[in-house]
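**Q** File follows, my_file_37.tsv with TSV, C-alpha atoms and all ligand atoms:
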chain	number	residue	atom	x	y	z
A	880	MET	CA	0.88	19.63	-16.70
A	881	LYS	CA	-0.61	21.08	-13.51
A	882	ILE	CA	0.33	18.63	-10.77
A	883	ALA	CA	-0.71	18.51	-7.10
A	884	VAL	CA	0.96	16.33	-4.49
A	885	CYS	CA	-0.55	15.69	-1.05
A	886	VAL	CA	1.82	15.37	1.89
A	887	LYS	CA	1.05	14.73	5.53
A	888	GLN	CA	2.92	15.44	8.72
A	889	VAL	CA	3.13	12.40	11.04
A	890	PRO	CA	4.70	11.74	14.45
A	891	ALA	CA	8.33	10.72	13.95
A	892	SER	CA	7.93	6.96	14.45
A	893	GLN	CA	10.53	6.44	17.15
A	894	ASP	CA	8.88	9.21	19.21
A	895	ALA	CA	5.21	8.28	18.72
A	896	LYS	CA	3.61	7.92	22.14
A	897	MET	CA	0.13	7.08	23.35
A	898	ASP	CA	-1.80	8.88	26.10
A	899	PRO	CA	-2.65	5.91	28.39
A	900	GLU	CA	-5.59	7.77	30.01
A	901	ARG	CA	-7.33	9.02	26.85
A	902	GLY	CA	-6.14	6.24	24.53
A	903	THR	CA	-5.15	8.78	21.87
A	904	LEU	CA	-1.95	9.42	19.95
A	905	ILE	CA	0.15	12.23	21.43
A	906	ARG	CA	0.68	14.48	18.43
A	907	ASP	CA	2.74	17.27	19.97
A	908	GLY	CA	6.07	15.41	19.96
A	909	ALA	CA	8.64	15.30	17.15
A	910	VAL	CA	7.06	15.28	13.69
A	911	ALA	CA	8.25	14.48	10.19
A	912	THR	CA	6.94	14.21	6.65
A	913	ASN	CA	5.16	10.89	6.15
A	914	PRO	CA	7.95	8.73	4.58
A	915	TYR	CA	5.69	7.48	1.76
A	916	ASP	CA	4.92	11.08	0.79
A	917	LEU	CA	8.57	11.71	-0.07
A	918	PHE	CA	8.04	9.14	-2.84
A	919	ALA	CA	4.87	11.00	-3.88
A	920	VAL	CA	6.85	14.26	-4.20
A	921	GLU	CA	9.58	12.41	-6.11
A	922	ALA	CA	6.99	10.97	-8.52
A	923	ALA	CA	5.40	14.40	-9.06
A	924	LEU	CA	8.82	15.93	-9.80
A	925	ARG	CA	9.79	13.15	-12.21
A	926	ILE	CA	6.51	13.57	-14.08
A	927	ARG	CA	7.02	17.35	-14.24
A	928	GLU	CA	10.50	16.72	-15.67
A	929	GLN	CA	8.89	14.77	-18.52
A	930	THR	CA	5.78	16.84	-19.17
A	931	GLY	CA	6.70	20.31	-18.00
A	932	GLY	CA	4.33	22.33	-15.83
A	933	GLU	CA	4.36	22.89	-12.08
A	934	VAL	CA	3.95	21.00	-8.83
A	935	THR	CA	1.92	22.30	-5.88
A	936	ALA	CA	2.19	20.53	-2.52
A	937	PHE	CA	-0.91	20.43	-0.26
A	938	SER	CA	-0.98	19.52	3.41
A	939	MET	CA	-3.94	19.48	5.76
A	940	GLY	CA	-2.98	19.82	9.39
A	941	PRO	CA	-1.97	22.25	12.13
A	942	GLN	CA	0.34	25.21	11.46
A	943	SER	CA	3.35	22.96	12.11
A	944	ALA	CA	2.51	21.05	8.91
A	945	GLU	CA	4.10	23.92	6.99
A	946	LYS	CA	7.44	22.19	7.71
A	947	THR	CA	6.24	19.30	5.55
A	948	LEU	CA	5.37	21.71	2.73
A	949	ARG	CA	8.79	23.31	3.00
A	950	ASP	CA	10.39	19.83	2.75
A	951	ALA	CA	8.45	19.32	-0.53
A	952	ILE	CA	9.55	22.74	-1.80
A	953	ALA	CA	13.18	21.99	-0.88
A	954	MET	CA	12.91	18.82	-3.01
A	955	GLY	CA	11.63	20.91	-5.93
A	956	ALA	CA	7.89	21.61	-5.61
A	957	ASP	CA	6.94	25.04	-6.97
A	958	HIS	CA	4.26	26.00	-4.40
A	959	GLY	CA	2.92	24.95	-1.02
A	960	VAL	CA	-0.66	25.20	0.28
A	961	LEU	CA	-1.48	24.63	3.96
A	962	ILE	CA	-5.10	23.66	4.67
A	963	SER	CA	-5.63	24.54	8.28
A	964	ASP	CA	-8.62	25.52	10.42
A	965	ARG	CA	-10.01	24.51	13.81
A	966	ALA	CA	-13.14	23.48	11.90
A	967	PHE	CA	-11.15	20.55	10.41
A	968	ALA	CA	-10.20	19.05	13.82
A	969	GLY	CA	-11.24	15.45	14.51
A	970	ALA	CA	-11.62	14.64	10.80
A	971	ASP	CA	-11.72	10.95	9.90
A	972	VAL	CA	-10.83	9.64	6.43
A	973	LEU	CA	-14.15	10.78	4.95
A	974	ALA	CA	-13.84	14.35	6.23
A	975	THR	CA	-10.09	14.53	5.54
A	976	SER	CA	-10.48	13.41	1.94
A	977	TYR	CA	-13.45	15.72	1.41
A	978	THR	CA	-11.52	18.70	2.80
A	979	LEU	CA	-8.51	17.89	0.60
A	980	SER	CA	-10.75	17.55	-2.46
A	981	GLN	CA	-12.35	20.91	-1.73
A	982	ALA	CA	-8.93	22.56	-1.42
A	983	LEU	CA	-7.76	20.89	-4.65
A	984	ALA	CA	-10.92	22.11	-6.38
A	985	ALA	CA	-10.37	25.63	-5.02
A	986	LYS	CA	-6.80	25.81	-6.36
A	987	GLY	CA	-7.35	23.58	-9.42
A	988	PRO	CA	-8.30	22.01	-11.61
A	989	PHE	CA	-5.22	19.81	-11.57
A	990	ASP	CA	-4.32	17.40	-14.38
A	991	LEU	CA	-2.71	15.02	-11.94
A	992	ILE	CA	-2.96	14.56	-8.17
A	993	VAL	CA	-0.29	12.40	-6.53
A	994	PHE	CA	-0.59	10.67	-3.15
A	995	GLY	CA	1.71	8.46	-1.13
A	996	ARG	CA	0.75	4.83	-0.58
A	997	GLN	CA	-0.37	5.37	3.02
A	998	THR	CA	0.59	7.21	6.17
A	999	THR	CA	2.56	5.78	9.07
A	1000	ASP	CA	0.04	7.04	11.67
A	1001	GLY	CA	-3.53	6.71	10.31
A	1002	ASP	CA	-2.29	4.01	7.97
A	1003	THR	CA	-5.58	3.48	6.11
A	1004	ALA	CA	-4.34	4.06	2.50
A	1005	GLN	CA	-7.84	5.39	1.76
A	1006	VAL	CA	-7.36	9.13	1.40
A	1007	GLY	CA	-6.05	9.10	-2.20
A	1008	PRO	CA	-8.84	6.92	-3.63
A	1009	ALA	CA	-11.45	8.83	-1.58
A	1010	VAL	CA	-10.25	12.18	-2.98
A	1011	ALA	CA	-10.49	10.70	-6.49
A	1012	VAL	CA	-14.09	9.69	-5.82
A	1013	HIS	CA	-14.99	13.13	-4.39
A	1014	LEU	CA	-13.52	14.78	-7.50
A	1015	GLY	CA	-14.98	12.21	-9.92
A	1016	ARG	CA	-11.51	11.28	-11.25
A	1017	PRO	CA	-10.12	7.87	-12.23
A	1018	TYR	CA	-7.33	6.58	-9.98
A	1019	LEU	CA	-4.60	3.96	-9.74
A	1020	CYS	CA	-3.02	2.76	-6.47
A	1021	TRP	CA	0.02	0.70	-5.38
A	1022	ILE	CA	2.13	2.14	-8.21
A	1023	GLN	CA	5.62	0.60	-8.17
A	1024	GLU	CA	7.08	2.12	-11.32
A	1025	LEU	CA	6.53	5.11	-13.58
A	1026	ILE	CA	7.05	3.71	-17.06
A	1027	GLY	CA	6.36	6.83	-19.12
A	1028	CYS	CA	4.47	10.08	-18.82
A	1029	SER	CA	2.94	12.49	-21.31
A	1030	GLU	CA	0.06	14.94	-21.16
A	1031	GLU	CA	-2.15	12.23	-22.73
A	1032	GLU	CA	-1.22	9.24	-20.61
A	1033	ILE	CA	0.72	8.12	-17.55
A	1034	ARG	CA	1.95	4.53	-17.91
A	1035	VAL	CA	2.70	2.68	-14.70
A	1036	ARG	CA	3.29	-0.69	-13.15
A	1037	CYS	CA	1.05	-1.41	-10.16
A	1038	SER	CA	1.26	-4.32	-7.75
A	1039	GLY	CA	-1.94	-6.23	-7.23
A	1040	SER	CA	-2.92	-9.20	-5.09
A	1041	ARG	CA	-2.54	-11.51	-8.11
A	1042	GLY	CA	0.62	-10.05	-9.58
A	1043	ASP	CA	1.80	-6.88	-11.26
A	1044	LEU	CA	-0.26	-4.91	-13.71
A	1045	GLU	CA	1.07	-2.57	-16.40
A	1046	CYS	CA	-1.49	0.02	-17.37
A	1047	GLY	CA	-2.07	3.58	-18.49
A	1048	ILE	CA	-4.27	6.27	-17.04
A	1049	ARG	CA	-5.41	9.46	-18.73
A	1050	PRO	CA	-5.20	12.81	-16.96
A	1051	PRO	CA	-7.07	14.33	-15.24
A	1052	CYS	CA	-6.51	11.56	-12.72
A	1053	VAL	CA	-5.23	10.55	-9.29
A	1054	ILE	CA	-2.30	8.20	-8.58
A	1055	CYS	CA	-1.05	6.72	-5.28
A	1056	VAL	CA	2.60	5.71	-5.43
A	1057	ASP	CA	4.66	3.18	-3.50
A	1058	LYS	CA	8.37	3.04	-2.71
A	1059	GLY	CA	9.31	1.31	-5.97
A	1060	ILE	CA	9.01	4.51	-8.02
A	1061	GLY	CA	12.56	5.57	-7.14
A	1062	GLN	CA	14.59	7.01	-4.32
A	1063	PRO	CA	13.36	10.46	-3.19
A	1064	ARG	CA	15.94	13.11	-3.98
A	1065	ILE	CA	17.86	14.69	-1.11
A	1066	PRO	CA	17.60	18.49	-1.23
A	1067	ALA	CA	20.80	20.54	-1.36
A	1068	LEU	CA	21.49	22.85	1.58
A	1069	LYS	CA	20.83	25.91	-0.62
A	1070	ALA	CA	17.41	24.56	-1.60
A	1071	LYS	CA	16.60	23.83	2.04
A	1072	LEU	CA	17.49	27.38	3.07
A	1073	ALA	CA	15.47	28.86	0.20
A	1074	ALA	CA	12.47	26.67	1.11
A	1075	LYS	CA	12.51	28.07	4.64
A	1076	LYS	CA	11.67	31.49	3.22
A	1077	ALA	CA	9.32	30.38	0.42
A	1078	PRO	CA	5.86	31.97	0.66
A	1079	LEU	CA	3.09	29.48	1.48
A	1080	GLU	CA	-0.61	29.91	0.83
A	1081	CYS	CA	-2.98	29.09	3.69
A	1082	LEU	CA	-6.54	27.93	3.07
A	1083	SER	CA	-9.11	27.98	5.86
A	1084	ALA	CA	-12.70	26.68	5.83
A	1085	ALA	CA	-13.85	30.08	4.55
A	1086	ASP	CA	-11.78	29.59	1.36
A	1087	LEU	CA	-13.37	26.30	0.34
A	1088	PRO	CA	-16.24	26.09	-2.20
A	1089	ASP	CA	-18.52	24.05	0.12
A	1090	GLN	CA	-19.45	26.24	3.09
A	1091	ASP	CA	-21.52	23.64	4.97
A	1092	PRO	CA	-19.77	23.11	8.35
A	1093	MET	CA	-21.45	19.69	8.66
A	1094	HIS	CA	-19.08	18.38	5.95
A	1095	TYR	CA	-15.84	19.11	7.83
A	1096	GLY	CA	-14.02	17.98	10.99
A	1097	LEU	CA	-15.83	15.86	13.57
A	1098	GLU	CA	-19.27	16.79	12.19
A	1099	GLY	CA	-18.32	15.62	8.71
A	1100	SER	CA	-16.84	12.34	9.99
A	1101	ALA	CA	-18.71	9.09	9.59
A	1102	THR	CA	-16.67	7.25	12.24
A	1103	ARG	CA	-15.74	7.82	15.89
A	1104	VAL	CA	-12.69	6.30	17.56
A	1105	GLU	CA	-13.76	4.95	20.98
A	1106	LYS	CA	-10.32	3.86	22.11
A	1107	ILE	CA	-6.83	3.37	20.72
A	1108	TYR	CA	-4.53	0.93	22.53
A	1109	PRO	CA	-1.34	-0.99	21.81
A	1110	PRO	CA	-1.87	-4.61	20.77
A	1111	TYR	CA	-1.79	-7.24	23.54
A	1112	ARG	CA	1.70	-8.71	23.51
A	1113	GLY	CA	1.25	-11.62	25.96
A	1114	GLU	CA	3.96	-13.41	27.84
A	1115	LYS	CA	7.21	-14.91	26.58
A	1116	GLY	CA	6.82	-18.16	24.64
A	1117	PHE	CA	6.94	-21.50	26.47
A	1118	ARG	CA	6.75	-25.20	25.61
A	1119	LEU	CA	3.59	-27.11	26.54
A	1120	GLN	CA	4.40	-30.21	28.60
A	1121	GLY	CA	1.20	-32.26	28.29
A	1122	SER	CA	0.12	-34.90	25.78
A	1123	MET	CA	-0.82	-33.84	22.26
A	1124	GLU	CA	-4.56	-34.10	23.08
A	1125	GLU	CA	-4.22	-32.10	26.33
A	1126	ASN	CA	-2.18	-29.43	24.59
A	1127	ALA	CA	-4.60	-29.13	21.66
A	1128	ASP	CA	-7.48	-28.80	24.15
A	1129	ARG	CA	-5.67	-26.03	26.12
A	1130	VAL	CA	-4.66	-24.08	23.04
A	1131	SER	CA	-8.18	-24.23	21.64
A	1132	ARG	CA	-9.63	-22.97	24.98
A	1133	TRP	CA	-7.06	-20.15	25.19
A	1134	LEU	CA	-7.78	-19.12	21.62
A	1135	SER	CA	-11.52	-18.87	22.25
A	1136	LEU	CA	-10.90	-16.81	25.42
A	1137	ALA	CA	-8.46	-14.55	23.52
A	1138	ALA	CA	-10.95	-14.16	20.67
A	1139	ASN	CA	-13.39	-12.70	23.22
A	1140	GLY	CA	-10.69	-10.50	24.77
A	1141	GLU	CA	-10.84	-12.53	28.03
A	1142	TYR	CA	-7.09	-12.75	28.57
A	1143	GLU	CA	-7.51	-12.79	32.38
A	1144	GLY	CA	-9.30	-16.14	32.07
A	1145	ILE	CA	-6.24	-17.77	30.50
A	1146	ARG	CA	-4.31	-19.78	33.08
A	1147	TRP	CA	-0.81	-20.11	31.67
A	1148	GLU	CA	0.31	-22.23	34.64
A	1149	GLU	CA	-1.81	-25.03	33.13
A	1150	SER	CA	0.97	-25.42	30.61
A	1151	MET	CA	3.42	-26.67	33.27
B	1201	LIG	C1	-12.67	8.44	13.61
B	1201	LIG	C2	-11.35	9.12	13.37
B	1201	LIG	C3	-11.05	10.26	14.05
B	1201	LIG	C4	-9.85	10.89	13.85
B	1201	LIG	N1	-9.58	11.99	14.54
B	1201	LIG	C5	-8.42	12.61	14.35
B	1201	LIG	C6	-8.10	13.77	15.08
B	1201	LIG	O1	-8.86	14.22	15.92
B	1201	LIG	N2	-6.92	14.39	14.82
B	1201	LIG	C7	-6.06	13.87	13.88
B	1201	LIG	O2	-4.99	14.46	13.66
B	1201	LIG	N3	-6.33	12.76	13.19
B	1201	LIG	C8	-7.49	12.11	13.41
B	1201	LIG	N4	-7.76	10.99	12.72
B	1201	LIG	C9	-6.82	10.51	11.74
B	1201	LIG	C10	-7.16	11.16	10.43
B	1201	LIG	O3	-8.45	10.90	10.04
B	1201	LIG	C11	-6.27	10.58	9.40
B	1201	LIG	O4	-4.99	11.03	9.73
B	1201	LIG	C12	-6.64	11.05	8.02
B	1201	LIG	O5	-7.91	10.57	7.69
B	1201	LIG	C13	-5.70	10.54	6.98
B	1201	LIG	O6	-5.85	9.15	6.93
B	1201	LIG	P1	-4.58	8.26	6.92
B	1201	LIG	O7	-3.60	8.85	7.87
B	1201	LIG	O8	-5.00	6.87	7.12
B	1201	LIG	O9	-4.06	8.50	5.44
B	1201	LIG	P2	-3.79	7.46	4.27
B	1201	LIG	O10	-5.04	7.20	3.55
B	1201	LIG	O11	-3.01	6.27	4.78
B	1201	LIG	O12	-2.85	8.39	3.39
B	1201	LIG	C14	-2.67	8.19	1.99
B	1201	LIG	C15	-2.06	9.44	1.42
B	1201	LIG	O13	-3.00	10.50	1.49
B	1201	LIG	C16	-2.31	11.74	1.69
B	1201	LIG	N5	-2.77	12.35	2.94
B	1201	LIG	C17	-3.35	11.75	3.99
B	1201	LIG	N6	-3.66	12.64	4.95
B	1201	LIG	C18	-3.28	13.86	4.46
B	1201	LIG	C19	-3.30	15.18	4.96
B	1201	LIG	N7	-3.81	15.46	6.19
B	1201	LIG	N8	-2.82	16.18	4.19
B	1201	LIG	C20	-2.32	15.91	2.96
B	1201	LIG	N9	-2.25	14.69	2.44
B	1201	LIG	C21	-2.72	13.68	3.17
B	1201	LIG	C22	-0.82	11.40	1.69
B	1201	LIG	O14	-0.33	11.49	0.37
B	1201	LIG	C23	-0.80	9.95	2.13
B	1201	LIG	O15	0.34	9.23	1.74
B	1201	LIG	C24	-8.93	10.35	12.92
B	1201	LIG	C25	-9.24	9.17	12.24
B	1201	LIG	C26	-10.43	8.55	12.46
B	1201	LIG	C27	-10.74	7.28	11.71
Give the structure from this file in structure tokens form.

**A**
Amino acid sequence: MKIAVCVKQVPASQDAKMDPERGTLIRDGAVATNPYDLFAVEAALRIREQTGGEVTAFSMGPQSAEKTLRDAIAMGADHGVLISDRAFAGADVLATSYTLSQALAAKGPFDLIVFGRQTTDGDTAQVGPAVAVHLGRPYLCWIQELIGCSEEEIRVRCSGSRGDLECGIRPPCVICVDKGIGQPRIPALKAKLAAKKAPLECLSAADLPDQDPMHYGLEGSATRVEKIYPPYRGEKGFRLQGSMEENADRVSRWLSLAANGEYEGIRWEESM
């Protein structure tokens, strides 16, 4: 089976910082492979072990994202493809998923495309399903267990809002896996050293089938982020001293002010 796995480089969570002036994420600090994508690589490798074939890791991002591809190769992926071009900058989910689907089409077709559940920075969990839609493939998300895999069918257990679901999906298809699929393997030192030297393929905008620049990067994005800011954390908790009616009245007023973002109007001293 020809398997692709998509992996993203994210800011290492303990080092993620915000630019207070611009309200954007500072992306030039320490970076790591998105933790959920280690499970995606693990799933791809386990499926390859059962069906045979090869696994190609894809990452869209700056040149530094090649580290993420090398991590996937150290775990056991056969090839790595970096999708990188200035034309892709500022991509939202729509443009990111379209770019990935174009790269997958350029190097495919693949029988199976594996995604992680979500990223720890963008966190939308939309890229996998969106790629499936761009490629016209069926997909399954929130996969907790790989029950059995063959070239004809991949049987899985997915978690849903009303309970778990056991189902099968026929390749060619897309799956998005969660942490339940099994612990990602830890590469041996020898594999890590070999991965450092492994040749990677680089795809730029010129290598993709769709040459319309309006479909990539900021131009191809349907959304614009106006501002990113940490959530309001408020003050330490305190006990209201008034009667039940007074307290209910205060809390209801504070909640309506907070709902409109008017935190300055809240007079906490009223609680004394
Ligand atoms: C309006 C807007 C503007 C943005 N502008 C920028 C910007 O200027 N610069 C910037 O860096 N980001 C930007 N982003 C964030 C960027 O769009 C997201 O990082 C990207 O869409 C992936 O979405 P996600 O992180 O939510 O992935 P999710 O949907 O949570 O990821 C699910 C899975 O998809 C796969 N995946 C996701 N992204 C990639 C990738 N890049 N390569 C390979 N596999 C992947 C992984 O398997 C992952 O587990 C912007 C987002 C928005 C909404």

**Q** Expressed in Å to a single decimal, how great is the separation between atom CA of Gly1061 of chain A and atom CA of Glu1031 of chain A?

**A**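 Separation of atom CA of Gly1061 of chain A and atom CA of Glu1031 of chain A: 22.4 Å.
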
**Q** Residues up to 6 Å from ligand LIG 1201 (chain B), counting only C-alpha atoms and all ligand atoms: could you list those as a PyMOL selection string?

**A** chain A and resi 885-887+915-916+937-940+968-972+975+994-998+1000-1007+1102-1104

**Q** For the atom pair atom CA of Ala911 of chain A and atom CA of Thr947 of chain A, what is the interatomic distance in Å to one decimal place?

**A**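 Distance reported for this atom pair: 7.0 Å.
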
**Q** Using only C-alpha atoms for the distances, tell me which of A:Leu1097, A:Ile882, A:Ile1048, A:Ala1127 is nearest to Ala919 of chain A.

**A**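 Between A:Leu1097, A:Ile882, A:Ile1048, A:Ala1127, the residue approaching Ala919 of chain A most closely is A:Ile882.
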
**Q** My list of candidates is A:Ala936, A:Leu973, A:Asp950, A:Pro941. Which is closest to Lys1075 of chain A when distances are computed with only C-alpha atoms?

**A** A:Asp950
